[in-house]
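Enquirer: Take a look at this one; I'll ask things after.
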Amino acid sequence: MKILVTGAQGFTGKHFINHAKSAGYDVIPLVSDLLNPDALDNEVIQCAPEAVVHLAAISFVGHSKETDFYDVNVIGTVNLLKSLTKLKKQPSRVLLASSANIYGNCETSPIAETQAPAPVNHYAISKLAMEHMAKTYAERVPLMFTRPFNYTGPGQAGQFVIPKLVSHFARRAVTVELGNLNVEREFNDVSMVCDRYLKLLKYGEVNEIYNVCSGQPYTLLHVVSMLEQLSGHKLEVKVNPAFVRGNEVNRLCGDPSKLNSLLIAKNIAHNDPTLAQTLKQMLDATTI
């Protein structure tokens, strides 16, 4: 299968490409700018992909230029879908990576795909807008949507909280400044996410939405404790009010039942890394 991948140079893109190539797939990284429709048309038509994984996005919630979220995440996706409609033969599946952030704060936990979205930041709003705009192409392009919950791994940018913590422990810093310490998040391994994306390309139902999650959340203080055990180093955690976001999502924990049921029906087993294994791999990969 020939897979066209957008966002190939990003954190998830690099891991996905390695994962897909190891599984024997032919992977073509998209080179064109999503905001350059003519170049995009030419490249997509020339590639003639059998499947598409759309990962390109502005994904850091604290990104400073708010309009970028909508330019890239919404308009860029629409441009890609327009290009795909011009293919003589449609891919078997087009996987669009959305985000669990669209759920916002809700009383229900863990969160299933049926939960009504309630986004509270520009990143989440742009991803929900992307989903709605993409659905206008559903009769012409075989779409699938994924809503991954928080994940991490080697190579993730230091502006994200887990690599930031890992860096501080790796260089044995005295203190670290964080925002809200009481938030709960899943911190899954990027390899798990890539594995599920590949399986969805093969077995996922078109026009369906799938949470990509474990259903296991952790507090940041728990992550700090695990890093202390793994590194043999303790540091002081300070709350910096500048890092405390307004409209913070307090708990984000997903229900993986829908995707797990699909895999069970196909007799597919999986053995995902534990958080401790992920953090150990990140510590080992950190250069000081």
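The chains in the structure tokens are called A, B, ... from first to last as shown; in each chain the residues are counted from 1, and the ligands are counted from 1 in the order shown.
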Would you list the contacts of range 3-18 of chain A as a list in words, taking every protein, DNA or RNA residue within 7 Å and counting only C-alpha atoms, but skipping same-chain residues closer than 2 positions in sequence?
Expert: Met1, Ala20, Lys21, Ser22, Asp26, Val27, Ile28, Pro29, Leu30, Pro49, Glu50, Ala51, Val52, Val53, His54, Leu55, Ala56, Gly155, Gln156, Val190 and Cys194 of chain A
Enquirer: Can you list, as a ChimeraX atom specification, every residue of range 100-184 of chain A that DSSP puts in helix (DSSP H, G or I)?
Expert: /A:100-103,122-135,161-170
Enquirer: For range 205-209 of chain A, list every protein, DNA or RNA residue within 9 Å, evaluated using only C-alpha atoms, and leave out those in the same chain fewer than 5 positions away; present the list as a compact mmCIF listing (two decimals) with N, CA and C atoms, in the first residue's frame.
Expert:
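Okay, this is what ended up in out.txt:
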# COMPACT_ATOMS: atom_id res chain seq x y z
N SER A 92 -8.15 4.15 -0.52
CA SER A 92 -9.08 3.29 0.21
C SER A 92 -9.56 3.96 1.49
N ARG A 93 -8.67 4.73 2.14
CA ARG A 93 -9.02 5.44 3.36
C ARG A 93 -8.16 6.69 3.48
N VAL A 94 -8.78 7.75 4.00
CA VAL A 94 -8.07 8.99 4.30
C VAL A 94 -8.25 9.26 5.79
N GLU A 113 -16.62 8.46 22.06
CA GLU A 113 -16.76 9.26 20.84
C GLU A 113 -18.13 9.94 20.75
N LYS A 135 -16.26 16.81 6.69
CA LYS A 135 -17.46 15.99 6.45
C LYS A 135 -18.22 16.43 5.20
N ALA A 138 -17.36 14.03 2.54
CA ALA A 138 -17.51 12.62 2.88
C ALA A 138 -18.07 11.77 1.74
N PRO A 142 -13.11 8.93 1.06
CA PRO A 142 -13.38 7.96 2.14
C PRO A 142 -12.67 8.34 3.44
N LEU A 143 -13.33 9.14 4.25
CA LEU A 143 -12.72 9.73 5.44
C LEU A 143 -12.84 8.85 6.68
N MET A 144 -11.84 8.97 7.55
CA MET A 144 -11.89 8.46 8.92
C MET A 144 -11.29 9.53 9.81
N PHE A 145 -11.83 9.67 11.01
CA PHE A 145 -11.31 10.67 11.94
C PHE A 145 -10.75 9.98 13.19
N THR A 146 -9.59 10.43 13.63
CA THR A 146 -9.05 9.94 14.90
C THR A 146 -8.98 11.09 15.89
N ARG A 147 -9.25 10.78 17.13
CA ARG A 147 -9.12 11.76 18.20
C ARG A 147 -8.12 11.22 19.22
N LEU A 200 -6.00 1.17 11.58
CA LEU A 200 -7.22 1.81 11.07
C LEU A 200 -7.18 1.93 9.55
Enquirer: Counting only C-alpha atoms, what is within 9 Å of Thr85 in chain A, bar same-chain residues fewer than 4 positions away, as a list in words?
Expert: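 Once the adjacent positions are removed, what remains is Leu80, Leu81, Lys89, Gln90, Tyr137, Arg140 and Val141 of chain A.
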Enquirer: Could you write out that same residue set with N, CA, C and O atoms as a JSON list (two decimals), in the first residue's frame?
Expert:
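Produced file part-v1.json, reproduced below:
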[["chain", "number", "residue", "atom", "x", "y", "z"],
["A", 80, "LEU", "N", -6.23, 20.01, 1.05],
["A", 80, "LEU", "CA", -5.83, 18.62, 0.81],
["A", 80, "LEU", "C", -7.00, 17.80, 0.26],
["A", 80, "LEU", "O", -6.85, 17.05, -0.71],
["A", 81, "LEU", "N", -8.16, 17.95, 0.87],
["A", 81, "LEU", "CA", -9.32, 17.19, 0.43],
["A", 81, "LEU", "C", -9.74, 17.58, -0.99],
["A", 81, "LEU", "O", -10.15, 16.72, -1.79],
["A", 89, "LYS", "N", -8.63, 7.79, -9.13],
["A", 89, "LYS", "CA", -9.06, 6.72, -8.23],
["A", 89, "LYS", "C", -8.82, 7.17, -6.80],
["A", 89, "LYS", "O", -7.71, 7.55, -6.44],
["A", 90, "GLN", "N", -9.86, 7.13, -5.98],
["A", 90, "GLN", "CA", -9.74, 7.56, -4.60],
["A", 90, "GLN", "C", -8.94, 6.54, -3.77],
["A", 90, "GLN", "O", -8.98, 5.34, -4.04],
["A", 137, "TYR", "N", -16.93, 16.68, 2.49],
["A", 137, "TYR", "CA", -16.30, 15.92, 1.41],
["A", 137, "TYR", "C", -16.55, 14.42, 1.56],
["A", 137, "TYR", "O", -16.02, 13.62, 0.79],
["A", 140, "ARG", "N", -17.33, 12.16, -1.35],
["A", 140, "ARG", "CA", -16.33, 12.09, -2.43],
["A", 140, "ARG", "C", -15.01, 11.48, -1.99],
["A", 140, "ARG", "O", -14.25, 10.97, -2.83],
["A", 141, "VAL", "N", -14.73, 11.54, -0.69],
["A", 141, "VAL", "CA", -13.45, 11.05, -0.16],
["A", 141, "VAL", "C", -13.74, 10.11, 1.02],
["A", 141, "VAL", "O", -14.54, 10.47, 1.89]]
Enquirer: List every residue of range 180-264 of chain A that DSSP, applied to the backbone, labels as strand (DSSP E or B), and write the result as a list of chain:residue names.
Expert: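 Of range 180-264 of chain A, only A:Glu184, A:Arg185, A:Glu186, A:Asn188, A:Asp189, A:Ile209, A:Tyr210, A:Asn211, A:Val212, A:Pro217, A:Tyr218, A:Thr219, A:Glu236, A:Val237, A:Lys238, A:Val239, A:Arg251, A:Leu252, A:Gly254 fall in strand (DSSP E or B).
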Enquirer: Can I get the selection written as a PDB file, in the first residue's frame, with N, CA and C atoms?
Expert:
ATOM      1  N   GLU A 184      -5.122  16.114  34.864  1.00  0.00           N
ATOM      2  CA  GLU A 184      -4.907  14.696  34.585  1.00  0.00           C
ATOM      3  C   GLU A 184      -4.973  14.464  33.086  1.00  0.00           C
ATOM      4  N   ARG A 185      -3.983  13.747  32.594  1.00  0.00           N
ATOM      5  CA  ARG A 185      -3.893  13.463  31.162  1.00  0.00           C
ATOM      6  C   ARG A 185      -3.448  12.021  30.954  1.00  0.00           C
ATOM      7  N   GLU A 186      -3.843  11.466  29.831  1.00  0.00           N
ATOM      8  CA  GLU A 186      -3.172  10.263  29.367  1.00  0.00           C
ATOM      9  C   GLU A 186      -1.822  10.691  28.804  1.00  0.00           C
ATOM     10  N   ASN A 188       0.268   8.606  26.605  1.00  0.00           N
ATOM     11  CA  ASN A 188       0.519   7.380  25.862  1.00  0.00           C
ATOM     12  C   ASN A 188       1.796   7.494  25.046  1.00  0.00           C
ATOM     13  N   ASP A 189       2.246   6.373  24.538  1.00  0.00           N
ATOM     14  CA  ASP A 189       3.463   6.339  23.743  1.00  0.00           C
ATOM     15  C   ASP A 189       3.123   6.591  22.275  1.00  0.00           C
ATOM     16  N   ILE A 209     -15.495   7.866  13.637  1.00  0.00           N
ATOM     17  CA  ILE A 209     -14.572   8.582  14.517  1.00  0.00           C
ATOM     18  C   ILE A 209     -14.046   7.593  15.547  1.00  0.00           C
ATOM     19  N   TYR A 210     -12.738   7.610  15.764  1.00  0.00           N
ATOM     20  CA  TYR A 210     -12.125   6.692  16.728  1.00  0.00           C
ATOM     21  C   TYR A 210     -11.254   7.453  17.725  1.00  0.00           C
ATOM     22  N   ASN A 211     -11.547   7.265  19.008  1.00  0.00           N
ATOM     23  CA  ASN A 211     -10.599   7.701  20.027  1.00  0.00           C
ATOM     24  C   ASN A 211      -9.357   6.828  19.929  1.00  0.00           C
ATOM     25  N   VAL A 212      -8.190   7.440  20.064  1.00  0.00           N
ATOM     26  CA  VAL A 212      -6.941   6.684  20.158  1.00  0.00           C
ATOM     27  C   VAL A 212      -6.395   6.978  21.552  1.00  0.00           C
ATOM     28  N   PRO A 217      -5.256   7.831  32.832  1.00  0.00           N
ATOM     29  CA  PRO A 217      -4.702   9.177  33.023  1.00  0.00           C
ATOM     30  C   PRO A 217      -3.722   9.224  34.194  1.00  0.00           C
ATOM     31  N   TYR A 218      -2.856  10.239  34.180  1.00  0.00           N
ATOM     32  CA  TYR A 218      -1.892  10.479  35.255  1.00  0.00           C
ATOM     33  C   TYR A 218      -1.847  11.976  35.556  1.00  0.00           C
ATOM     34  N   THR A 219      -1.551  12.316  36.800  1.00  0.00           N
ATOM     35  CA  THR A 219      -1.263  13.711  37.131  1.00  0.00           C
ATOM     36  C   THR A 219       0.197  14.002  36.806  1.00  0.00           C
ATOM     37  N   GLU A 236      12.881  20.301  42.639  1.00  0.00           N
ATOM     38  CA  GLU A 236      11.776  21.050  43.229  1.00  0.00           C
ATOM     39  C   GLU A 236      10.839  21.518  42.117  1.00  0.00           C
ATOM     40  N   VAL A 237       9.554  21.269  42.295  1.00  0.00           N
ATOM     41  CA  VAL A 237       8.543  21.681  41.324  1.00  0.00           C
ATOM     42  C   VAL A 237       7.886  22.969  41.799  1.00  0.00           C
ATOM     43  N   LYS A 238       7.964  24.000  40.963  1.00  0.00           N
ATOM     44  CA  LYS A 238       7.353  25.288  41.288  1.00  0.00           C
ATOM     45  C   LYS A 238       6.249  25.592  40.271  1.00  0.00           C
ATOM     46  N   VAL A 239       5.182  26.189  40.770  1.00  0.00           N
ATOM     47  CA  VAL A 239       4.101  26.615  39.888  1.00  0.00           C
ATOM     48  C   VAL A 239       4.362  28.043  39.434  1.00  0.00           C
ATOM     49  N   ARG A 251      -9.337  17.266  33.269  1.00  0.00           N
ATOM     50  CA  ARG A 251      -9.121  15.817  33.140  1.00  0.00           C
ATOM     51  C   ARG A 251      -9.461  15.401  31.718  1.00  0.00           C
ATOM     52  N   LEU A 252      -8.546  14.694  31.091  1.00  0.00           N
ATOM     53  CA  LEU A 252      -8.768  14.246  29.718  1.00  0.00           C
ATOM     54  C   LEU A 252      -8.387  12.775  29.641  1.00  0.00           C
ATOM     55  N   GLY A 254      -9.720   9.062  27.869  1.00  0.00           N
ATOM     56  CA  GLY A 254     -10.560   8.524  26.815  1.00  0.00           C
ATOM     57  C   GLY A 254     -11.063   7.112  27.062  1.00  0.00           C
TER      58      GLY A 254
END
Enquirer: Which is closest to Val74 in chain A among A:Ile268, A:Gly215, A:Lys234, A:Ala57, if we use only C-alpha atoms?
Expert: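 Checking each of A:Ile268, A:Gly215, A:Lys234, A:Ala57 against Val74 in chain A, counting only C-alpha atoms, the winner is A:Ala57.
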